[in-house]
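The next block is protein01.cif, given as mmCIF, C-alpha atoms.
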data_protein
loop_
_atom_site.label_atom_id
_atom_site.label_comp_id
_atom_site.auth_asym_id
_atom_site.auth_seq_id
_atom_site.Cartn_x
_atom_site.Cartn_y
_atom_site.Cartn_z
CA MET V 1 0.00 0.00 0.00
CA PHE V 2 1.37 3.43 -1.08
CA PHE V 3 4.65 1.81 -2.22
CA ALA V 4 5.89 1.18 -5.78
CA ASN V 5 8.10 -1.91 -5.35
CA ARG V 6 9.16 -4.62 -2.94
CA LEU V 7 12.01 -2.62 -1.43
CA GLU V 8 9.75 0.28 -0.50
CA ALA V 9 7.04 -2.13 0.65
CA TYR V 10 9.56 -3.94 2.88
CA ILE V 11 10.70 -0.73 4.58
CA GLY V 12 7.19 0.75 4.60
CA LYS V 13 5.74 -2.29 6.33
CA GLN V 14 8.22 -1.90 9.19
CA LEU V 15 7.51 1.83 9.39
CA TRP V 16 3.73 1.34 9.66
CA LYS V 17 4.09 -1.35 12.32
CA MET V 18 6.41 0.80 14.41
CA LEU V 19 4.22 3.86 13.84
CA GLY V 20 1.21 2.15 15.42
CA LEU V 21 3.28 1.34 18.50
CA THR V 22 4.85 4.80 18.86
CA ILE V 23 1.53 6.61 18.39
CA THR V 24 0.02 4.47 21.14
CA LEU V 25 2.93 5.06 23.53
CA VAL V 26 3.29 8.81 22.87
CA THR V 27 -0.48 9.32 23.10
CA LEU V 28 -0.55 7.57 26.46
CA ILE V 29 2.36 9.70 27.68
CA VAL V 30 0.68 12.94 26.53
CA PHE V 31 -2.68 11.84 27.86
CA PHE V 32 -1.50 10.72 31.29
CA SER V 33 0.90 13.62 31.80
CA ASP V 34 -1.55 16.43 31.10
CA THR V 35 -5.03 15.66 29.82
CA LEU V 36 -5.86 12.97 32.35
CA PHE V 37 -5.01 15.10 35.39
CA ASP V 38 -7.04 18.02 34.03
CA PHE V 39 -9.86 15.59 33.40
CA LEU V 40 -9.70 14.11 36.90
CA LYS V 41 -9.81 17.60 38.42
CA GLU V 42 -12.82 18.53 36.30
CA MET V 43 -14.51 15.24 37.16
CA GLN V 44 -13.97 15.95 40.86
CA ASP V 45 -15.25 19.53 40.57
CA LEU V 46 -18.39 18.49 38.71
CA GLY V 47 -18.99 15.28 40.61
CA LEU V 48 -19.55 13.38 37.36
CA PRO V 49 -21.08 9.91 37.36
CA LEU V 50 -18.90 7.19 35.82
CA SER V 51 -20.79 7.04 32.50
CA LEU V 52 -20.42 10.78 31.85
CA ALA V 53 -16.80 10.72 33.07
CA PHE V 54 -16.00 8.04 30.49
CA GLN V 55 -17.60 10.13 27.72
CA PHE V 56 -15.49 13.13 28.72
CA LEU V 57 -12.41 10.90 28.72
CA ILE V 58 -13.03 9.62 25.18
CA LEU V 59 -13.62 13.14 23.86
CA GLN V 60 -10.15 14.21 25.07
CA VAL V 61 -8.36 11.50 23.04
CA PRO V 62 -8.37 13.37 19.67
CA LEU V 63 -6.53 16.30 21.26
CA ALA V 64 -3.87 13.93 22.59
CA PHE V 65 -3.54 12.38 19.12
CA ALA V 66 -2.78 15.76 17.56
CA PHE V 67 0.18 16.27 19.90
CA ALA V 68 1.34 12.66 19.48
CA PHE V 69 1.54 12.45 15.67
CA PRO V 70 4.73 14.54 14.99
CA PRO V 71 6.98 12.96 17.68
CA SER V 72 5.60 9.53 16.76
CA VAL V 73 6.74 10.00 13.16
CA PHE V 74 10.13 11.15 14.43
CA PHE V 75 10.72 8.13 16.67
CA THR V 76 9.33 5.70 14.07
CA VAL V 77 11.71 6.82 11.33
CA LEU V 78 14.62 6.99 13.77
CA LEU V 79 14.06 3.51 15.23
CA VAL V 80 13.31 1.67 11.97
CA TYR V 81 16.20 3.08 9.97
CA SER V 82 18.58 2.73 12.93
CA HIS V 83 17.68 -0.95 13.11
CA LEU V 84 18.18 -1.40 9.35
CA ASN V 85 21.48 0.42 9.59
CA GLN V 86 22.73 -1.63 12.55
CA GLN V 87 21.88 -4.85 10.64
CA PHE V 88 23.98 -3.60 7.66
CA GLU V 89 20.91 -3.75 5.41
CA LEU V 90 21.24 -0.13 4.32
CA ILE V 91 24.91 -0.62 3.45
CA ALA V 92 23.99 -3.68 1.36
CA LEU V 93 21.39 -1.62 -0.49
CA ARG V 94 23.84 1.21 -1.12
CA MET V 95 26.50 -1.23 -2.33
CA ASN V 96 24.00 -2.55 -4.87
CA GLY V 97 23.38 0.89 -6.30
CA VAL V 98 20.20 1.88 -4.44
CA SER V 99 20.23 5.64 -3.86
CA LEU V 100 19.74 7.10 -0.41
CA TRP V 101 16.75 9.11 -1.66
CA ARG V 102 15.05 5.91 -2.80
CA ILE V 103 15.64 4.37 0.63
CA PHE V 104 14.23 7.54 2.14
CA ARG V 105 11.06 7.49 -0.01
CA PRO V 106 8.99 5.18 2.30
CA ALA V 107 9.70 7.49 5.24
CA PHE V 108 8.64 10.49 3.16
CA ILE V 109 5.35 8.79 2.24
CA VAL V 110 4.66 7.90 5.88
CA GLY V 111 5.49 11.46 6.98
CA LEU V 112 3.28 12.95 4.26
CA VAL V 113 0.33 10.72 5.17
CA MET V 114 0.70 11.58 8.86
CA ALA V 115 0.94 15.30 8.04
CA CYS V 116 -2.37 15.02 6.17
CA LEU V 117 -3.94 13.12 9.07
CA THR V 118 -2.68 15.77 11.51
CA PHE V 119 -4.29 18.54 9.47
CA ALA V 120 -7.51 16.53 9.10
CA SER V 121 -7.60 16.00 12.87
CA SER V 122 -7.25 19.70 13.60
CA GLU V 123 -9.74 20.58 10.88
CA TRP V 124 -12.57 18.15 11.71
CA LEU V 125 -11.90 15.62 14.47
CA ILE V 126 -10.70 17.91 17.28
CA PRO V 127 -13.30 20.69 16.73
CA THR V 128 -16.08 18.09 16.64
CA ALA V 129 -14.83 16.46 19.85
CA GLN V 130 -14.49 19.86 21.57
CA ARG V 131 -18.04 20.87 20.63
CA MET V 132 -19.38 17.54 21.88
CA ALA V 133 -17.44 17.95 25.15
CA ASP V 134 -18.82 21.48 25.63
CA ASP V 135 -22.36 20.30 24.96
CA LEU V 136 -21.91 17.48 27.46
CA ARG V 137 -20.41 19.86 30.03
CA GLU V 138 -23.33 22.28 29.63
CA GLU V 139 -25.76 19.39 29.97
CA VAL V 140 -24.09 18.33 33.22
CA LEU V 141 -24.06 21.86 34.64
CA THR V 142 -27.74 22.43 33.90
CA SER V 143 -29.10 19.03 34.86
CA SER V 144 -29.80 17.20 38.07
CA GLN V 145 -26.92 14.84 37.31
CA LEU V 146 -24.51 17.37 38.80
CA LYS V 147 -23.43 16.22 42.25
CA LEU V 148 -22.11 19.14 44.21
CA THR V 149 -19.13 18.83 46.49
CA LYS V 150 -19.67 19.43 50.20
CA ASP V 151 -18.14 22.91 50.26
CA GLY V 152 -19.39 24.03 46.85
CA ILE V 153 -17.34 26.53 44.82
CA VAL V 154 -15.28 28.97 46.89
CA LEU V 155 -13.32 31.86 45.37
CA PRO V 156 -11.28 34.16 47.67
CA LEU V 157 -10.02 37.40 46.11
CA PHE V 158 -6.91 39.02 47.54
CA LYS V 159 -5.42 42.48 47.29
CA GLU V 160 -1.95 43.29 48.62
CA GLY V 161 -1.85 39.98 50.50
CA ARG V 162 -5.16 40.62 52.30
CA TRP V 163 -8.46 39.08 51.32
CA VAL V 164 -11.09 41.64 50.36
CA LYS V 165 -13.78 39.43 48.84
CA LEU V 166 -14.98 35.89 49.28
CA ILE V 167 -17.43 34.32 46.84
CA ARG V 168 -19.18 30.98 47.30
CA ALA V 169 -21.77 29.32 45.11
CA GLU V 170 -23.31 25.88 45.15
CA LYS V 171 -23.67 26.00 41.35
CA ALA V 172 -21.80 28.23 38.93
CA SER V 173 -21.58 28.77 35.19
CA LEU V 174 -20.23 31.63 33.14
CA ASN V 175 -23.07 34.05 33.92
CA HIS V 176 -25.27 32.28 36.48
CA LEU V 177 -24.81 31.46 40.19
CA GLU V 178 -27.05 29.57 42.59
CA GLY V 179 -26.91 29.26 46.38
CA PHE V 180 -24.75 32.37 46.32
CA THR V 181 -22.86 34.03 49.19
CA PHE V 182 -20.69 37.14 48.79
CA VAL V 183 -18.49 38.52 51.59
CA GLN V 184 -16.70 41.86 51.22
CA ARG V 185 -14.42 43.63 53.67
CA SER V 186 -13.89 47.40 53.40
CA LYS V 187 -10.75 49.33 54.30
CA SER V 188 -12.38 50.49 57.54
CA GLY V 189 -12.96 46.87 58.57
CA ASN V 190 -16.71 46.70 57.96
CA ILE V 191 -17.87 43.37 56.62
CA GLU V 192 -20.82 43.01 54.28
CA VAL V 193 -22.37 39.60 53.61
CA ILE V 194 -24.81 39.14 50.74
CA GLN V 195 -26.76 35.92 50.33
CA ALA V 196 -28.96 35.25 47.32
CA ASP V 197 -30.94 32.35 45.96
CA SER V 198 -29.50 33.07 42.51
CA ALA V 199 -27.48 35.67 40.59
CA ASP V 200 -27.59 36.35 36.83
CA TYR V 201 -25.17 38.49 34.86
CA ARG V 202 -26.98 40.99 32.65
CA SER V 203 -24.37 43.24 31.11
CA PRO V 204 -22.95 45.36 32.63
CA GLN V 205 -24.06 44.22 36.11
CA TRP V 206 -25.32 41.30 38.18
CA GLN V 207 -28.93 40.85 39.25
CA LEU V 208 -29.38 39.05 42.59
CA ASN V 209 -32.66 37.35 43.41
CA GLY V 210 -33.95 36.51 46.89
CA VAL V 211 -31.38 38.67 48.67
CA ARG V 212 -30.43 38.89 52.34
CA ILE V 213 -27.82 41.48 53.33
CA PHE V 214 -25.88 41.39 56.63
CA SER V 215 -23.62 44.34 57.50
CA ALA V 216 -21.24 43.90 60.44
CA LEU V 217 -19.91 47.27 61.67
CA ALA V 218 -16.29 47.40 62.79
CA GLY V 219 -15.83 48.18 66.49
CA GLU V 220 -19.52 47.71 67.21
CA ASN V 221 -21.26 44.62 68.49
CA ARG V 222 -24.19 44.90 66.13
CA TYR V 223 -25.11 44.19 62.57
CA ILE V 224 -27.81 45.31 60.15
CA VAL V 225 -30.02 42.89 58.24
CA ASN V 226 -31.97 43.70 55.09
CA SER V 227 -34.11 41.39 52.95
CA LEU V 228 -34.83 42.36 49.37
CA ASN V 229 -36.39 40.69 46.38
CA GLN V 230 -33.81 41.93 43.87
CA VAL V 231 -30.50 43.79 44.04
CA GLN V 232 -28.34 44.96 41.17
CA LYS V 233 -24.60 45.04 41.82
CA SER V 234 -21.91 46.11 39.37
CA HIS V 235 -18.71 44.88 41.02
CA LEU V 236 -19.53 41.35 42.05
CA LEU V 237 -17.56 39.12 39.70
CA ASN V 238 -15.57 40.39 36.75
CA VAL V 239 -17.07 38.89 33.60
CA ASP V 240 -15.10 39.01 30.36
CA GLU V 241 -17.62 40.36 27.84
CA ASP V 242 -15.67 38.83 24.92
CA ILE V 243 -15.75 35.39 26.51
CA LEU V 244 -19.43 35.79 27.35
CA SER V 245 -20.32 36.79 23.78
CA GLN V 246 -18.29 33.88 22.42
CA ALA V 247 -20.08 31.50 24.78
CA LYS V 248 -23.45 32.79 23.61
CA THR V 249 -22.53 32.31 19.95
CA GLY V 250 -20.78 29.02 20.61
CA PHE V 251 -17.51 30.23 19.05
CA HIS V 252 -14.10 29.25 20.31
CA HIS V 253 -10.92 28.76 18.31
CA SER V 254 -10.62 25.14 19.49
CA LYS V 255 -14.09 24.34 18.08
CA VAL V 256 -13.34 25.32 14.47
CA GLY V 257 -10.85 24.33 11.81
CA PHE V 258 -8.39 26.40 9.79
CA PHE V 259 -10.76 27.69 7.11
CA GLU V 260 -13.64 28.51 9.47
CA LEU V 261 -11.29 30.28 11.88
CA ALA V 262 -9.80 32.30 9.00
CA ARG V 263 -13.30 33.35 7.89
CA HIS V 264 -14.26 34.30 11.45
CA ILE V 265 -11.13 36.45 11.90
CA GLN V 266 -11.84 38.21 8.60
CA SER V 267 -15.48 38.87 9.51
CA GLU V 268 -14.51 40.24 12.93
CA ARG V 269 -12.08 42.67 11.33
CA GLU V 270 -14.60 43.78 8.74
CA VAL V 271 -16.97 44.93 11.50
CA GLY V 272 -14.14 46.67 13.36
CA HIS V 273 -13.65 44.22 16.22
CA LYS V 274 -10.20 43.63 17.67
CA VAL V 275 -8.98 40.09 16.97
CA PRO V 276 -7.13 38.41 19.89
CA GLN V 277 -3.51 37.47 19.20
CA LYS V 278 -4.26 33.90 20.20
CA TRP V 279 -6.72 33.49 17.34
CA VAL V 280 -4.10 34.45 14.76
CA THR V 281 -1.54 32.16 16.39
CA MET V 282 -3.92 29.22 16.55
CA LEU V 283 -4.86 29.78 12.90
CA TRP V 284 -1.29 29.24 11.71
CA GLU V 285 -0.67 26.51 14.25
CA ARG V 286 -3.18 24.47 12.24
CA LEU V 287 -0.57 24.44 9.45
CA ALA V 288 2.51 24.26 11.66
CA GLN V 289 1.52 20.96 13.27
CA PRO V 290 1.41 18.99 9.96
CA LEU V 291 4.64 20.68 8.93
CA ASN V 292 6.22 19.42 12.15
CA CYS V 293 5.60 15.85 10.97
CA LEU V 294 7.60 16.46 7.79
CA ALA V 295 10.35 18.41 9.55
CA LEU V 296 10.91 15.75 12.21
CA MET V 297 10.82 13.00 9.59
CA PHE V 298 13.50 14.76 7.50
CA MET V 299 15.66 15.19 10.60
CA ALA V 300 15.23 11.65 11.97
CA PHE V 301 16.35 9.89 8.77
CA PRO V 302 19.94 11.23 8.53
CA LEU V 303 20.41 10.94 12.31
CA ALA V 304 19.65 7.20 12.01
CA LEU V 305 22.47 6.69 9.49
CA ALA V 306 25.39 6.54 11.92
CA PRO V 307 28.18 4.02 11.11
CA PRO V 308 26.89 0.56 12.18
CA ARG V 309 29.91 -0.19 14.36
CA GLN V 310 29.57 3.14 16.15
CA SER V 311 27.56 3.31 19.36
CA SER V 312 23.96 4.28 18.65
CA ALA V 313 23.79 6.30 21.89
CA LYS V 314 25.42 9.29 20.22
CA GLY V 315 22.89 9.30 17.38
CA PHE V 316 19.96 9.03 19.77
CA LEU V 317 21.38 11.89 21.84
CA TYR V 318 21.52 14.08 18.74
CA ALA V 319 17.96 13.01 17.90
CA ILE V 320 16.60 13.99 21.31
CA ILE V 321 18.42 17.33 21.07
CA ALA V 322 16.88 17.91 17.63
CA LEU V 323 13.39 17.12 18.97
CA PHE V 324 13.71 19.50 21.91
CA THR V 325 15.30 22.15 19.68
CA LEU V 326 12.25 22.18 17.43
CA TYR V 327 9.73 22.58 20.25
CA ILE V 328 11.78 25.08 22.24
CA GLY V 329 12.55 27.06 19.08
CA ARG V 330 8.87 26.97 18.18
CA ASN V 331 7.82 28.43 21.56
CA ILE V 332 10.47 31.16 21.36
CA SER V 333 9.53 31.99 17.77
CA ILE V 334 5.81 32.22 18.58
CA SER V 335 6.52 34.47 21.58
CA LEU V 336 8.56 36.79 19.35
CA GLY V 337 5.84 36.77 16.71
CA GLN V 338 3.05 37.55 19.18
CA GLY V 339 5.16 40.35 20.63
CA GLY V 340 5.47 41.95 17.20
CA LEU V 341 9.26 41.63 17.15
CA LEU V 342 9.25 39.80 13.82
CA THR V 343 7.53 42.66 12.02
CA PHE V 344 10.94 44.40 11.91
CA GLY V 345 9.54 47.80 12.65
CA GLY V 346 6.43 47.42 10.50
CA LEU V 347 8.18 46.11 7.37
CA ILE V 348 6.21 42.84 7.63
CA PRO V 349 2.45 42.78 8.40
CA TYR V 350 1.63 41.42 11.84
CA ASP V 351 -0.38 38.43 10.58
CA LEU V 352 2.45 37.44 8.25
CA SER V 353 4.99 37.73 11.09
CA VAL V 354 2.87 35.43 13.28
CA ALA V 355 2.56 32.96 10.40
CA LEU V 356 6.34 32.98 9.94
CA ALA V 357 6.83 32.56 13.69
CA CYS V 358 4.65 29.42 13.64
CA VAL V 359 6.15 27.70 10.60
CA LEU V 360 9.72 29.02 10.51
CA PRO V 361 11.26 26.53 13.04
CA SER V 362 9.76 23.60 11.12
CA LEU V 363 10.94 24.97 7.77
CA LEU V 364 14.46 25.47 9.12
CA MET V 365 14.61 21.92 10.51
CA LEU V 366 13.21 20.53 7.26
CA GLY V 367 15.92 22.36 5.33
CA VAL V 368 18.67 21.16 7.66
CA GLY V 369 17.39 17.58 7.38
CA ALA V 370 17.31 17.75 3.55
CA TRP V 371 20.87 19.13 3.53
CA MET V 372 22.07 16.31 5.81
CA ILE V 373 20.42 13.66 3.59
CA ARG V 374 22.04 15.17 0.50
CA ARG V 375 25.40 15.25 2.25
CA LYS V 376 25.14 11.63 3.38
CA SER V 377 24.05 10.53 -0.10
CA TYR V 378 27.65 10.98 -1.26
CA PHE V 379 28.88 8.34 1.19
CA VAL V 380 28.18 4.62 1.27
#

Representation of the structure as structure tokens:
Amino acid sequence: MFFANRLEAYIGKQLWKMLGLTITLVTLIVFFSDTLFDFLKEMQDLGLPLSLAFQFLILQVPLAFAFAFPPSVFFTVLLVYSHLNQQFELIALRMNGVSLWRIFRPAFIVGLVMACLTFASSEWLIPTAQRMADDLREEVLTSSQLKLTKDGIVLPLFKEGRWVKLIRAEKASLNHLEGFTFVQRSKSGNIEVIQADSADYRSPQWQLNGVRIFSALAGENRYIVNSLNQVQKSHLLNVDEDILSQAKTGFHHSKVGFFELARHIQSEREVGHKVPQKWVTMLWERLAQPLNCLALMFMAFPLALAPPRQSSAKGFLYAIIALFTLYIGRNISISLGQGGLLTFGGLIPYDLSVALACVLPSLLMLGVGAWMIRRKSYFV
């Protein structure tokens, strides 16, 4: 499959077998090191039943896959060609006139297929899974299946090392609170306690229903109690209007693919809205991830071609350094791009500088890998 002759089929078969193993291992590492712990925390906060917890768990797998594909291609190419090299099979092929580029072709096909799968995942699979997870989360928050923890949700707010507000709610979503208690301490030491059956955010302020207000006066052994049907309060919880509007429209950059995100950014700019930097970065990251597959594949192949009698530890050390170099360089490059430092004083448009910041490390590594393959092609 995908290969023109027996030689390519022989190498390709080993690559696909190893790829299945490395994807499984790297996905498990990514999943258990990050996603699983976030999931367990969310499961604890929401008190999810086992059936819903399992659904949440499955919906996080596509995101782990997206991170696992590029390093999986890297380790697959490195391990398979290192094994062939250590068994002197590559030398035998070269001695019989087989070019290094022909030996490399199966790895290129595998890398290209995985790059396409990575883009397809970010374009359709991940957004679909994220939307399903959000729908399930909303269903849990608004249904009787939610089992509250004993202490509910508690949020202390500090200023200059001293707490000034304390917020507690038995149920909470982006713009709705139930079983609500609000404690505020003034500079003079007075303490105000507000209890409400529910609180709803109606821009630009909160509306509290079924309110009881207790005011404890500093230095006096008395307090004042008021009961009101409704109270409007501006400074209760800071609500990000952009996040709230996105939640109402269902838009989030993780829920859409490259083309839909590009259209949304364009439409926001046409109506004069400011586009967050993260949206532009995530747009070009949709292309950078597939490119990482190709870049790491190009780098892994020449690093696997160490002399057979030489210790393989040195080659693997170089490989690990190359892998970390790509990801560290990528983070640095994106930070520079988001900071506007790659516009070179306005010579390059900001969007183009962010695009370059996302793809430049991969392009550089791809170029270095191609140069190393060409250089090694002159030696048997």

For region 113-119 of chain V: contacts at 10 Å, only C-alpha atoms, fewer than 5 positions along chain excluded, given as a ChimeraX atom specification: /V:2,19,65-70,72-73,107-108,124-125,257-258,285-294

From CA of Leu364 (chain V) to CA of Phe31 (chain V) the spacing works out at 28.8 Å

Which residues are close to Glu89 (chain V), i.e. within 12 Å by all atoms listed in the file, leaving aside same-chain residues fewer than 6 positions away? Reply as a list in words. Leu7, Tyr10, Ile11, Val80, Tyr81, Ser82, His83, Met95, Asn96, Val98, Ile103, Leu305, Pro308 and Val380 of chain V

So how far away is CA of Leu59 (chain V) from CA of Glu170 (chain V), in Å?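 About the pair CA of Glu170 (chain V) and CA of Leu59 (chain V): they are 26.6 Å apart.
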
Write out as a CSV table (one decimal) with C-alpha atoms, in the frame of the given file each polymer residue whose atoms come within 7 Å of Ala196 (chain V), counting only C-alpha atoms; drop sequence neighbours fewer than 6 positions from it.
chain,number,residue,atom,x,y,z
V,179,GLY,CA,-26.9,29.3,46.4
V,180,PHE,CA,-24.8,32.4,46.3
V,181,THR,CA,-22.9,34.0,49.2
V,208,LEU,CA,-29.4,39.0,42.6
V,209,ASN,CA,-32.7,37.4,43.4
V,210,GLY,CA,-34.0,36.5,46.9
V,211,VAL,CA,-31.4,38.7,48.7
V,212,ARG,CA,-30.4,38.9,52.3

Counting all atoms listed in the file, the option among V:Gln60, V:Ser99, V:Asn85, V:Gln14 closest to Ser377 (chain V):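 Using all atoms listed in the file, the shortest distance to Ser377 (chain V) belongs to V:Ser99.
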
Rank nothing, just name the residue among V:Ser122, V:Ala199, V:Leu352, V:Arg185 nearest to Lys171 (chain V), using only C-alpha atoms.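 Selected residue with least distance to Lys171 (chain V): V:Ala199.
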
Any chance you could resolve the PyMOL selection byres ((chain V and resi 277) around 10) against this file and give the residues as a PyMOL selection string? chain V and resi 274-276+278-282+337-339+350-351+354

Counting all atoms listed in the file, figure out which residue out of V:Asn190, V:Ile321, V:Asp135, V:Gln195 gets nearest to Arg168 (chain V). V:Gln195

By how many Å are CA of Asn331 (chain V) and CA of Leu283 (chain V) apart?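 Atom-to-atom, CA of Asn331 (chain V) to CA of Leu283 (chain V), that is 15.4 Å.
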
Just say which residues the PyMOL selection byres ((chain V and resi 127) around 6) picks in this file, as a list in words.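 Taken over the shown coordinates, the PyMOL selection byres ((chain V and resi 127) around 6) returns Trp124, Leu125, Ile126, Thr128, Ala129, Gln130, Ser254, Lys255 and Val256 of chain V.
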
Selection near Gly369 (chain V), 7 Å with all atoms listed in the file, sequence-local residues under 2 positions removed, as a PyMOL selection string: chain V and resi 298-299+302+365-367+371-373

Which is closer to Thr325 (chain V) than all the others in V:Leu296, V:Leu166, V:Leu341, V:Ile109, using all atoms listed in the file? V:Leu296

Counting all atoms listed in the file, the option among V:Phe56, V:Cys358, V:Phe182, V:Arg263 closest to Arg131 (chain V):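 Smallest separation from Arg131 (chain V) among the options: V:Phe56.
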